[in-house]
$ cat entry.csv   # CSV, N, CA and C atoms
chain,number,residue,atom,x,y,z
A,1,MET,N,6.6,12.9,16.1
A,1,MET,CA,6.2,12.1,15.0
A,1,MET,C,6.9,12.7,13.7
A,2,ASN,N,7.3,11.9,12.8
A,2,ASN,CA,7.9,12.3,11.6
A,2,ASN,C,6.9,11.9,10.5
A,3,ARG,N,6.7,12.8,9.5
A,3,ARG,CA,5.7,12.5,8.4
A,3,ARG,C,6.3,13.0,7.1
A,4,VAL,N,6.0,12.2,6.0
A,4,VAL,CA,6.3,12.6,4.7
A,4,VAL,C,5.2,12.2,3.8
A,5,SER,N,4.9,13.1,2.8
A,5,SER,CA,3.8,12.8,1.8
A,5,SER,C,4.5,12.9,0.4
A,6,ILE,N,4.1,12.0,-0.4
A,6,ILE,CA,4.6,12.0,-1.8
A,6,ILE,C,3.4,11.8,-2.7
A,7,VAL,N,3.3,12.6,-3.7
A,7,VAL,CA,2.3,12.4,-4.7
A,7,VAL,C,3.0,12.0,-6.0
A,8,MET,N,2.6,10.9,-6.6
A,8,MET,CA,3.2,10.5,-7.9
A,8,MET,C,2.1,10.1,-8.9
A,9,GLU,N,2.5,10.1,-10.1
A,9,GLU,CA,1.6,9.6,-11.2
A,9,GLU,C,1.4,8.1,-11.0
A,10,ALA,N,0.2,7.7,-11.3
A,10,ALA,CA,-0.2,6.3,-11.2
A,10,ALA,C,0.4,5.5,-12.3
A,11,ARG,N,1.7,5.3,-12.3
A,11,ARG,CA,2.4,4.6,-13.4
A,11,ARG,C,3.2,3.4,-12.8
A,12,PRO,N,3.3,2.3,-13.5
A,12,PRO,CA,4.0,1.2,-13.0
A,12,PRO,C,5.4,1.4,-12.6
A,13,GLU,N,6.1,2.3,-13.3
A,13,GLU,CA,7.5,2.6,-12.9
A,13,GLU,C,7.6,3.3,-11.6
A,14,ASN,N,6.6,3.8,-11.0
A,14,ASN,CA,6.6,4.5,-9.7
A,14,ASN,C,6.4,3.5,-8.5
A,15,ILE,N,6.1,2.3,-8.8
A,15,ILE,CA,6.0,1.2,-7.8
A,15,ILE,C,7.3,1.0,-7.1
A,16,SER,N,8.4,0.9,-7.9
A,16,SER,CA,9.7,0.7,-7.3
A,16,SER,C,10.2,1.9,-6.5
A,17,PHE,N,9.8,3.1,-7.0
A,17,PHE,CA,10.1,4.3,-6.3
A,17,PHE,C,9.5,4.4,-4.9
A,18,ALA,N,8.2,3.9,-4.8
A,18,ALA,CA,7.5,3.9,-3.5
A,18,ALA,C,8.2,2.9,-2.6
A,19,ARG,N,8.7,1.8,-3.1
A,19,ARG,CA,9.4,0.8,-2.2
A,19,ARG,C,10.7,1.5,-1.7
A,20,VAL,N,11.4,2.1,-2.5
A,20,VAL,CA,12.7,2.8,-2.1
A,20,VAL,C,12.4,3.9,-1.1
A,21,ALA,N,11.4,4.7,-1.4
A,21,ALA,CA,11.0,5.8,-0.5
A,21,ALA,C,10.7,5.3,0.9
A,22,VAL,N,9.8,4.3,1.0
A,22,VAL,CA,9.5,3.8,2.4
A,22,VAL,C,10.7,3.2,3.1
A,23,THR,N,11.5,2.5,2.3
A,23,THR,CA,12.8,2.0,2.9
A,23,THR,C,13.6,3.0,3.5
A,24,ALA,N,13.8,4.1,2.8
A,24,ALA,CA,14.7,5.2,3.3
A,24,ALA,C,14.0,5.9,4.5
A,25,PHE,N,12.7,6.1,4.4
A,25,PHE,CA,12.0,6.7,5.5
A,25,PHE,C,12.0,6.0,6.8
A,26,MET,N,11.9,4.7,6.8
A,26,MET,CA,11.9,3.9,8.0
A,26,MET,C,13.3,3.5,8.5
A,27,SER,N,14.3,3.9,7.7
A,27,SER,CA,15.7,3.5,8.1
A,27,SER,C,16.2,4.0,9.5
A,28,PRO,N,15.7,5.2,10.0
A,28,PRO,CA,16.2,5.6,11.3
A,28,PRO,C,15.8,4.6,12.4
A,29,LEU,N,14.7,3.8,12.2
A,29,LEU,CA,14.3,2.8,13.2
A,29,LEU,C,15.2,1.5,13.2
A,30,ASP,N,16.1,1.5,12.2
A,30,ASP,CA,17.0,0.3,12.1
A,30,ASP,C,16.2,-1.0,12.0
A,31,PRO,N,15.3,-1.1,11.1
A,31,PRO,CA,14.6,-2.3,10.9
A,31,PRO,C,15.5,-3.5,10.4
A,32,ASN,N,15.2,-4.7,10.8
A,32,ASN,CA,16.0,-5.8,10.3
A,32,ASN,C,15.5,-6.2,8.9
A,33,LEU,N,16.2,-7.1,8.3
A,33,LEU,CA,16.0,-7.4,6.9
A,33,LEU,C,14.6,-7.9,6.6
A,34,THR,N,14.1,-8.7,7.6
A,34,THR,CA,12.7,-9.3,7.4
A,34,THR,C,11.7,-8.1,7.5
A,35,GLU,N,11.8,-7.2,8.5
A,35,GLU,CA,10.9,-6.1,8.6
A,35,GLU,C,10.9,-5.3,7.3
A,36,THR,N,12.1,-5.0,6.8
A,36,THR,CA,12.3,-4.2,5.6
A,36,THR,C,11.6,-4.9,4.4
A,37,SER,N,11.9,-6.1,4.2
A,37,SER,CA,11.3,-6.9,3.1
A,37,SER,C,9.8,-6.9,3.2
A,38,ASP,N,9.3,-7.1,4.4
A,38,ASP,CA,7.8,-7.2,4.7
A,38,ASP,C,7.1,-5.9,4.3
A,39,VAL,N,7.7,-4.8,4.7
A,39,VAL,CA,7.1,-3.4,4.4
A,39,VAL,C,7.2,-3.2,2.9
A,40,LYS,N,8.4,-3.4,2.3
A,40,LYS,CA,8.5,-3.2,0.9
A,40,LYS,C,7.5,-4.0,0.1
A,41,THR,N,7.3,-5.2,0.5
A,41,THR,CA,6.3,-6.1,-0.3
A,41,THR,C,4.9,-5.5,-0.1
A,42,ALA,N,4.5,-5.2,1.1
A,42,ALA,CA,3.2,-4.6,1.3
A,42,ALA,C,3.0,-3.3,0.6
A,43,VAL,N,4.0,-2.4,0.6
A,43,VAL,CA,3.8,-1.2,-0.1
A,43,VAL,C,3.8,-1.4,-1.6
A,44,SER,N,4.6,-2.3,-2.1
A,44,SER,CA,4.5,-2.7,-3.5
A,44,SER,C,3.1,-3.1,-3.9
A,45,GLU,N,2.5,-4.0,-3.1
A,45,GLU,CA,1.2,-4.5,-3.4
A,45,GLU,C,0.2,-3.4,-3.4
A,46,ALA,N,0.2,-2.5,-2.4
A,46,ALA,CA,-0.7,-1.4,-2.3
A,46,ALA,C,-0.6,-0.4,-3.5
A,47,VAL,N,0.6,-0.1,-3.8
A,47,VAL,CA,0.8,0.9,-4.9
A,47,VAL,C,0.5,0.2,-6.2
A,48,THR,N,0.8,-1.1,-6.4
A,48,THR,CA,0.4,-1.8,-7.6
A,48,THR,C,-1.1,-1.8,-7.8
A,49,ASN,N,-1.9,-2.0,-6.7
A,49,ASN,CA,-3.3,-2.0,-6.7
A,49,ASN,C,-3.8,-0.6,-7.2
A,50,ALA,N,-3.2,0.4,-6.6
A,50,ALA,CA,-3.6,1.8,-6.9
A,50,ALA,C,-3.3,2.1,-8.4
A,51,VAL,N,-2.2,1.6,-8.9
A,51,VAL,CA,-1.9,1.9,-10.3
A,51,VAL,C,-2.8,1.1,-11.2
A,52,ILE,N,-3.0,-0.2,-10.9
A,52,ILE,CA,-3.8,-1.0,-11.8
A,52,ILE,C,-5.3,-0.8,-11.7
A,53,HIS,N,-5.8,-0.7,-10.5
A,53,HIS,CA,-7.2,-0.6,-10.3
A,53,HIS,C,-7.7,0.9,-10.1
A,54,GLY,N,-6.8,1.8,-9.8
A,54,GLY,CA,-7.2,3.2,-9.5
A,54,GLY,C,-7.7,4.0,-10.7
A,55,GLY,N,-7.4,3.5,-11.9
A,55,GLY,CA,-7.9,4.2,-13.1
A,55,GLY,C,-7.1,5.4,-13.5
A,56,GLY,N,-5.9,5.5,-13.1
A,56,GLY,CA,-5.0,6.6,-13.6
A,56,GLY,C,-4.9,7.7,-12.5
A,57,GLY,N,-4.5,8.8,-12.9
A,57,GLY,CA,-4.4,10.0,-12.0
A,57,GLY,C,-3.2,9.9,-11.2
A,58,HIS,N,-3.3,10.1,-9.9
A,58,HIS,CA,-2.2,10.1,-9.0
A,58,HIS,C,-2.3,9.1,-7.8
A,59,VAL,N,-1.2,8.7,-7.3
A,59,VAL,CA,-1.2,7.9,-6.1
A,59,VAL,C,-0.5,8.8,-5.0
A,60,LYS,N,-1.1,8.8,-3.8
A,60,LYS,CA,-0.5,9.6,-2.7
A,60,LYS,C,0.0,8.6,-1.7
A,61,LEU,N,1.3,8.8,-1.3
A,61,LEU,CA,1.9,7.9,-0.3
A,61,LEU,C,2.2,8.8,0.9
A,62,ASP,N,1.5,8.5,2.0
A,62,ASP,CA,1.7,9.2,3.2
A,62,ASP,C,2.4,8.3,4.2
A,63,LEU,N,3.6,8.7,4.7
A,63,LEU,CA,4.3,7.9,5.7
A,63,LEU,C,4.5,8.6,7.0
A,64,SER,N,4.4,7.9,8.1
A,64,SER,CA,4.6,8.5,9.4
A,64,SER,C,5.2,7.5,10.3
A,65,ILE,N,6.0,8.0,11.3
A,65,ILE,CA,6.5,7.1,12.3
A,65,ILE,C,6.2,7.8,13.6
A,66,GLN,N,5.7,7.0,14.5
A,66,GLN,CA,5.5,7.4,15.9
A,66,GLN,C,5.7,6.2,16.8
A,67,ASP,N,6.5,6.4,17.9
A,67,ASP,CA,6.7,5.3,18.8
A,67,ASP,C,7.1,4.0,18.2
A,68,LYS,N,8.0,4.0,17.2
A,68,LYS,CA,8.5,2.9,16.5
A,68,LYS,C,7.5,2.2,15.7
A,69,THR,N,6.4,2.8,15.4
A,69,THR,CA,5.3,2.3,14.5
A,69,THR,C,5.3,3.1,13.2
A,70,LEU,N,5.5,2.4,12.1
A,70,LEU,CA,5.4,3.0,10.8
A,70,LEU,C,4.0,2.9,10.3
A,71,THR,N,3.4,4.0,9.8
A,71,THR,CA,2.1,4.0,9.2
A,71,THR,C,2.3,4.4,7.8
A,72,VAL,N,1.7,3.6,6.9
A,72,VAL,CA,1.8,3.8,5.4
A,72,VAL,C,0.4,3.9,4.9
A,73,GLU,N,0.1,5.1,4.3
A,73,GLU,CA,-1.2,5.3,3.6
A,73,GLU,C,-1.0,5.4,2.1
A,74,VAL,N,-1.7,4.6,1.4
A,74,VAL,CA,-1.6,4.6,-0.1
A,74,VAL,C,-3.0,5.0,-0.6
A,75,ALA,N,-3.2,6.1,-1.3
A,75,ALA,CA,-4.5,6.6,-1.7
A,75,ALA,C,-4.5,6.8,-3.2
A,76,ASP,N,-5.5,6.4,-3.9
A,76,ASP,CA,-5.7,6.7,-5.3
A,76,ASP,C,-6.9,7.5,-5.6
A,77,GLU,N,-7.1,8.0,-6.8
A,77,GLU,CA,-8.2,8.9,-7.1
A,77,GLU,C,-9.1,8.1,-8.1
A,78,GLY,N,-9.1,6.8,-7.9
A,78,GLY,CA,-9.8,6.0,-9.0
A,78,GLY,C,-11.2,5.7,-8.8
A,79,VAL,N,-11.6,4.5,-9.3
A,79,VAL,CA,-13.0,4.1,-9.4
A,79,VAL,C,-13.5,3.6,-8.1
A,80,GLY,N,-12.7,3.3,-7.1
A,80,GLY,CA,-13.2,2.8,-5.9
A,80,GLY,C,-13.5,1.4,-5.9
A,81,ILE,N,-13.9,0.8,-4.7
A,81,ILE,CA,-14.2,-0.6,-4.6
A,81,ILE,C,-15.6,-0.7,-4.2
A,82,ASP,N,-16.4,-1.4,-5.0
A,82,ASP,CA,-17.8,-1.6,-4.7
A,82,ASP,C,-18.1,-2.4,-3.4
A,83,ASP,N,-17.3,-3.5,-3.3
A,83,ASP,CA,-17.5,-4.4,-2.2
A,83,ASP,C,-16.2,-4.7,-1.5
A,84,ILE,N,-15.8,-4.0,-0.5
A,84,ILE,CA,-14.5,-4.1,0.2
A,84,ILE,C,-14.3,-5.5,0.8
A,85,ALA,N,-15.4,-6.1,1.4
A,85,ALA,CA,-15.3,-7.4,2.0
A,85,ALA,C,-14.9,-8.4,0.9
A,86,ALA,N,-15.5,-8.4,-0.3
A,86,ALA,CA,-15.1,-9.3,-1.3
A,86,ALA,C,-13.7,-9.0,-1.8
A,87,ALA,N,-13.3,-7.8,-1.9
A,87,ALA,CA,-12.0,-7.5,-2.4
A,87,ALA,C,-10.9,-8.0,-1.5
A,88,LEU,N,-11.2,-8.1,-0.2
A,88,LEU,CA,-10.2,-8.6,0.8
A,88,LEU,C,-10.1,-10.1,0.8
A,89,GLU,N,-11.0,-10.8,0.1
A,89,GLU,CA,-10.9,-12.2,0.1
A,89,GLU,C,-9.8,-12.7,-0.8
A,90,PRO,N,-9.0,-13.7,-0.4
A,90,PRO,CA,-7.9,-14.2,-1.3
A,90,PRO,C,-8.5,-14.7,-2.6
A,91,MET,N,-7.7,-14.4,-3.7
A,91,MET,CA,-8.0,-14.8,-5.1
A,91,MET,C,-9.1,-13.9,-5.7
A,92,PHE,N,-9.6,-12.9,-5.0
A,92,PHE,CA,-10.6,-12.0,-5.7
A,92,PHE,C,-9.9,-11.0,-6.6
A,93,THR,N,-10.3,-10.9,-7.8
A,93,THR,CA,-9.7,-9.9,-8.7
A,93,THR,C,-10.8,-9.4,-9.7
A,94,THR,N,-10.7,-8.2,-10.1
A,94,THR,CA,-11.5,-7.6,-11.1
A,94,THR,C,-10.8,-7.5,-12.4
A,95,LYS,N,-9.5,-8.0,-12.4
A,95,LYS,CA,-8.7,-7.9,-13.6
A,95,LYS,C,-8.1,-9.2,-14.1
A,96,SER,N,-9.0,-10.2,-14.2
A,96,SER,CA,-8.5,-11.5,-14.6
A,96,SER,C,-8.0,-11.5,-16.0
A,97,ASP,N,-8.4,-10.6,-16.8
A,97,ASP,CA,-7.8,-10.5,-18.1
A,97,ASP,C,-6.4,-10.1,-18.1
A,98,MET,N,-5.9,-9.5,-17.0
A,98,MET,CA,-4.5,-9.1,-16.9
A,98,MET,C,-3.7,-10.2,-16.1
A,99,GLU,N,-4.3,-11.3,-15.9
A,99,GLU,CA,-3.7,-12.4,-15.1
A,99,GLU,C,-3.3,-12.0,-13.7
A,100,ARG,N,-4.2,-11.2,-13.1
A,100,ARG,CA,-3.9,-10.8,-11.7
A,100,ARG,C,-4.4,-12.0,-10.8
A,101,SER,N,-3.6,-12.2,-9.7
A,101,SER,CA,-3.9,-13.3,-8.8
A,101,SER,C,-4.9,-13.0,-7.7
A,102,GLY,N,-5.1,-11.8,-7.4
A,102,GLY,CA,-6.0,-11.4,-6.4
A,102,GLY,C,-5.5,-11.7,-5.0
A,103,LEU,N,-4.2,-11.6,-4.8
A,103,LEU,CA,-3.6,-11.8,-3.5
A,103,LEU,C,-3.0,-10.5,-2.9
A,104,GLY,N,-3.2,-9.4,-3.5
A,104,GLY,CA,-2.6,-8.2,-3.0
A,104,GLY,C,-2.9,-7.9,-1.5
A,105,PHE,N,-4.2,-7.8,-1.2
A,105,PHE,CA,-4.6,-7.5,0.2
A,105,PHE,C,-4.2,-8.6,1.1
A,106,THR,N,-4.2,-9.9,0.7
A,106,THR,CA,-3.8,-11.0,1.5
A,106,THR,C,-2.3,-10.9,1.9
A,107,LEU,N,-1.5,-10.5,0.9
A,107,LEU,CA,-0.1,-10.3,1.2
A,107,LEU,C,0.1,-9.1,2.1
A,108,MET,N,-0.6,-8.0,1.9
A,108,MET,CA,-0.5,-6.8,2.8
A,108,MET,C,-0.8,-7.3,4.3
A,109,GLU,N,-1.9,-8.0,4.4
A,109,GLU,CA,-2.3,-8.4,5.8
A,109,GLU,C,-1.3,-9.4,6.4
A,110,SER,N,-0.6,-10.2,5.5
A,110,SER,CA,0.4,-11.1,6.0
A,110,SER,C,1.6,-10.4,6.5
A,111,PHE,N,2.0,-9.3,5.9
A,111,PHE,CA,3.3,-8.7,6.2
A,111,PHE,C,3.2,-7.5,7.1
A,112,MET,N,2.0,-7.0,7.3
A,112,MET,CA,1.9,-5.8,8.2
A,112,MET,C,1.1,-6.1,9.4
A,113,ASP,N,1.2,-5.3,10.5
A,113,ASP,CA,0.4,-5.6,11.7
A,113,ASP,C,-1.1,-5.3,11.5
A,114,THR,N,-1.4,-4.2,10.9
A,114,THR,CA,-2.8,-3.9,10.6
A,114,THR,C,-2.9,-3.4,9.1
A,115,VAL,N,-4.1,-3.6,8.6
A,115,VAL,CA,-4.4,-3.1,7.2
A,115,VAL,C,-5.9,-2.7,7.3
A,116,SER,N,-6.2,-1.5,6.8
A,116,SER,CA,-7.6,-1.1,6.7
A,116,SER,C,-7.8,-0.5,5.3
A,117,VAL,N,-9.0,-0.6,4.8
A,117,VAL,CA,-9.3,-0.1,3.5
A,117,VAL,C,-10.5,0.7,3.6
A,118,GLU,N,-10.4,1.9,3.0
A,118,GLU,CA,-11.6,2.8,2.9
A,118,GLU,C,-11.7,3.1,1.4
A,119,SER,N,-13.0,3.0,0.9
A,119,SER,CA,-13.2,3.2,-0.5
A,119,SER,C,-14.6,3.7,-0.8
A,120,ALA,N,-14.7,4.5,-1.8
A,120,ALA,CA,-16.1,4.9,-2.2
A,120,ALA,C,-16.1,4.9,-3.8
A,121,PRO,N,-17.0,4.2,-4.4
A,121,PRO,CA,-17.1,4.2,-5.8
A,121,PRO,C,-17.1,5.6,-6.4
A,122,GLY,N,-16.2,5.8,-7.4
A,122,GLY,CA,-16.1,7.0,-8.1
A,122,GLY,C,-15.2,8.1,-7.4
A,123,VAL,N,-14.7,7.7,-6.2
A,123,VAL,CA,-13.9,8.7,-5.4
A,123,VAL,C,-12.5,8.2,-5.2
A,124,GLY,N,-12.3,6.9,-5.0
A,124,GLY,CA,-11.0,6.4,-4.8
A,124,GLY,C,-10.9,5.5,-3.6
A,125,THR,N,-9.7,5.0,-3.4
A,125,THR,CA,-9.4,4.0,-2.3
A,125,THR,C,-8.2,4.5,-1.5
A,126,THR,N,-8.3,4.3,-0.2
A,126,THR,CA,-7.1,4.5,0.7
A,126,THR,C,-6.9,3.2,1.5
A,127,VAL,N,-5.7,2.8,1.4
A,127,VAL,CA,-5.2,1.6,2.2
A,127,VAL,C,-4.3,2.1,3.3
A,128,THR,N,-4.5,1.8,4.5
A,128,THR,CA,-3.7,2.2,5.6
A,128,THR,C,-3.1,1.0,6.3
A,129,MET,N,-1.8,1.0,6.4
A,129,MET,CA,-1.1,-0.2,7.0
A,129,MET,C,-0.2,0.3,8.1
A,130,THR,N,0.0,-0.5,9.2
A,130,THR,CA,0.9,-0.2,10.2
A,130,THR,C,1.8,-1.4,10.5
A,131,LYS,N,3.0,-1.0,11.0
A,131,LYS,CA,4.0,-2.1,11.4
A,131,LYS,C,4.9,-1.5,12.5
A,132,LYS,N,5.0,-2.2,13.6
A,132,LYS,CA,5.9,-1.9,14.6
A,132,LYS,C,7.3,-2.4,14.2
A,133,LEU,N,8.3,-1.5,14.3
A,133,LEU,CA,9.7,-1.8,13.8
A,133,LEU,C,10.7,-1.8,14.9
A,134,GLY,N,11.7,-2.5,14.7
A,134,GLY,CA,12.9,-2.4,15.5
A,134,GLY,C,12.8,-3.1,16.9
A,135,ASP,N,11.9,-4.0,17.1
A,135,ASP,CA,11.8,-4.7,18.4
A,135,ASP,C,12.8,-5.8,18.4
$ encode --input "entry.csv" --output "structure tokens"
Amino acid sequence: MNRVSIVMEARPENISFARVAVTAFMSPLDPNLTETSDVKTAVSEAVTNAVIHGGGGHVKLDLSIQDKTLTVEVADEGVGIDDIAAALEPMFTTKSDMERSGLGFTLMESFMDTVSVESAPGVGTTVTMTKKLGD
């Protein structure tokens, strides 16, 4: 298994860095353009959620590859999610004042094989996503 961990400030400019980092990390599996685009979009959504809803601090990006499966974990130190089931519903947003569409989790679920969310109010949120690559 290959693993990489990156800790970055929860800033909008680090969203594109996360996309580039995951692309470089998964490149040894020779993913096709669709797989690459899918993963980049899902990571972008997860890191965007951490930046916008996490309440500042840091975002931790943990990447691993085992048996052609990429695992991406995005964790924040933020306010957490009170109702995960509601947050996973399409169009749910707590930031309507920022014109957020509430489709982040829906997009992640569309582009990745699995998506799980763990959260505790006042502690933070961790989104774990997997995708089999190179088939």
$ atom_distance --input "entry.csv" --atom1 "atom CA of Asp62 of chain A" --atom2 "atom CA of Val22 of chain A"
9.5 Å
$ residues_around --input "entry.csv" --residues "Thr69 of chain A" --least-positions-apart "2" --cutoff "6 Å" --atoms "only C-alpha atoms" --output "list in words"
Ile65, Gln66, Asp67, Lys131 and Lys132 of chain A
$ atom_distance --input "entry.csv" --atom1 "atom CA of Thr125 of chain A" --atom2 "atom C of Leu61 of chain A"
13.0 Å
$ atom_distance --input "entry.csv" --atom1 "atom CA of Arg3 of chain A" --atom2 "atom CA of Thr36 of chain A"
18.2 Å
$ closest_residue --input "entry.csv" --among "A:Val51, A:Thr23, A:Ser116, A:Phe111" --to "Gly78 of chain A" --atoms "only C-alpha atoms"
A:Val51
$ residues_around --input "entry.csv" --residues "segment 13-21 of chain A" --least-positions-apart "5" --cutoff "7 Å" --atoms "all atoms listed in the file" --output "NGL selection string"
:A and (26 or 39-41 or 43-44 or 47-48)
$ write_last_selection --input "entry.csv" --atoms "N, CA and C atoms" --output "mmCIF file, in the coordinates of the input"
data_model
loop_
_atom_site.group_PDB
_atom_site.id
_atom_site.type_symbol
_atom_site.label_atom_id
_atom_site.label_comp_id
_atom_site.auth_asym_id
_atom_site.auth_seq_id
_atom_site.Cartn_x
_atom_site.Cartn_y
_atom_site.Cartn_z
ATOM 1 N N MET A 26 11.900 4.700 6.800
ATOM 2 C CA MET A 26 11.900 3.900 8.000
ATOM 3 C C MET A 26 13.300 3.500 8.500
ATOM 4 N N VAL A 39 7.700 -4.800 4.700
ATOM 5 C CA VAL A 39 7.100 -3.400 4.400
ATOM 6 C C VAL A 39 7.200 -3.200 2.900
ATOM 7 N N LYS A 40 8.400 -3.400 2.300
ATOM 8 C CA LYS A 40 8.500 -3.200 0.900
ATOM 9 C C LYS A 40 7.500 -4.000 0.100
ATOM 10 N N THR A 41 7.300 -5.200 0.500
ATOM 11 C CA THR A 41 6.300 -6.100 -0.300
ATOM 12 C C THR A 41 4.900 -5.500 -0.100
ATOM 13 N N VAL A 43 4.000 -2.400 0.600
ATOM 14 C CA VAL A 43 3.800 -1.200 -0.100
ATOM 15 C C VAL A 43 3.800 -1.400 -1.600
ATOM 16 N N SER A 44 4.600 -2.300 -2.100
ATOM 17 C CA SER A 44 4.500 -2.700 -3.500
ATOM 18 C C SER A 44 3.100 -3.100 -3.900
ATOM 19 N N VAL A 47 0.600 -0.100 -3.800
ATOM 20 C CA VAL A 47 0.800 0.900 -4.900
ATOM 21 C C VAL A 47 0.500 0.200 -6.200
ATOM 22 N N THR A 48 0.800 -1.100 -6.400
ATOM 23 C CA THR A 48 0.400 -1.800 -7.600
ATOM 24 C C THR A 48 -1.100 -1.800 -7.800
#
$ residues_around --input "entry.csv" --residues "Ala50 of chain A" --least-positions-apart "4" --cutoff "6.5 Å" --atoms "all atoms listed in the file" --output "list in words"
Ala10, Glu45, Ala46, Gly54, Gly55, Gly56, Ala75 and Asp76 of chain A
$ closest_residue --input "entry.csv" --among "A:Thr130, A:His58, A:Glu77, A:Val72" --to "Met112 of chain A" --atoms "all atoms listed in the file"
A:Thr130
$ select_by_dssp --input "entry.csv" --residues "chain A" --states "strand (DSSP E)" --output "ChimeraX atom specification"
/A:2-9,58-66,69-76,114-120,124-132
$ closest_residue --input "entry.csv" --among "A:Val59, A:Val117, A:Leu107, A:Leu70" --to "Leu29 of chain A" --atoms "only C-alpha atoms"
A:Leu70
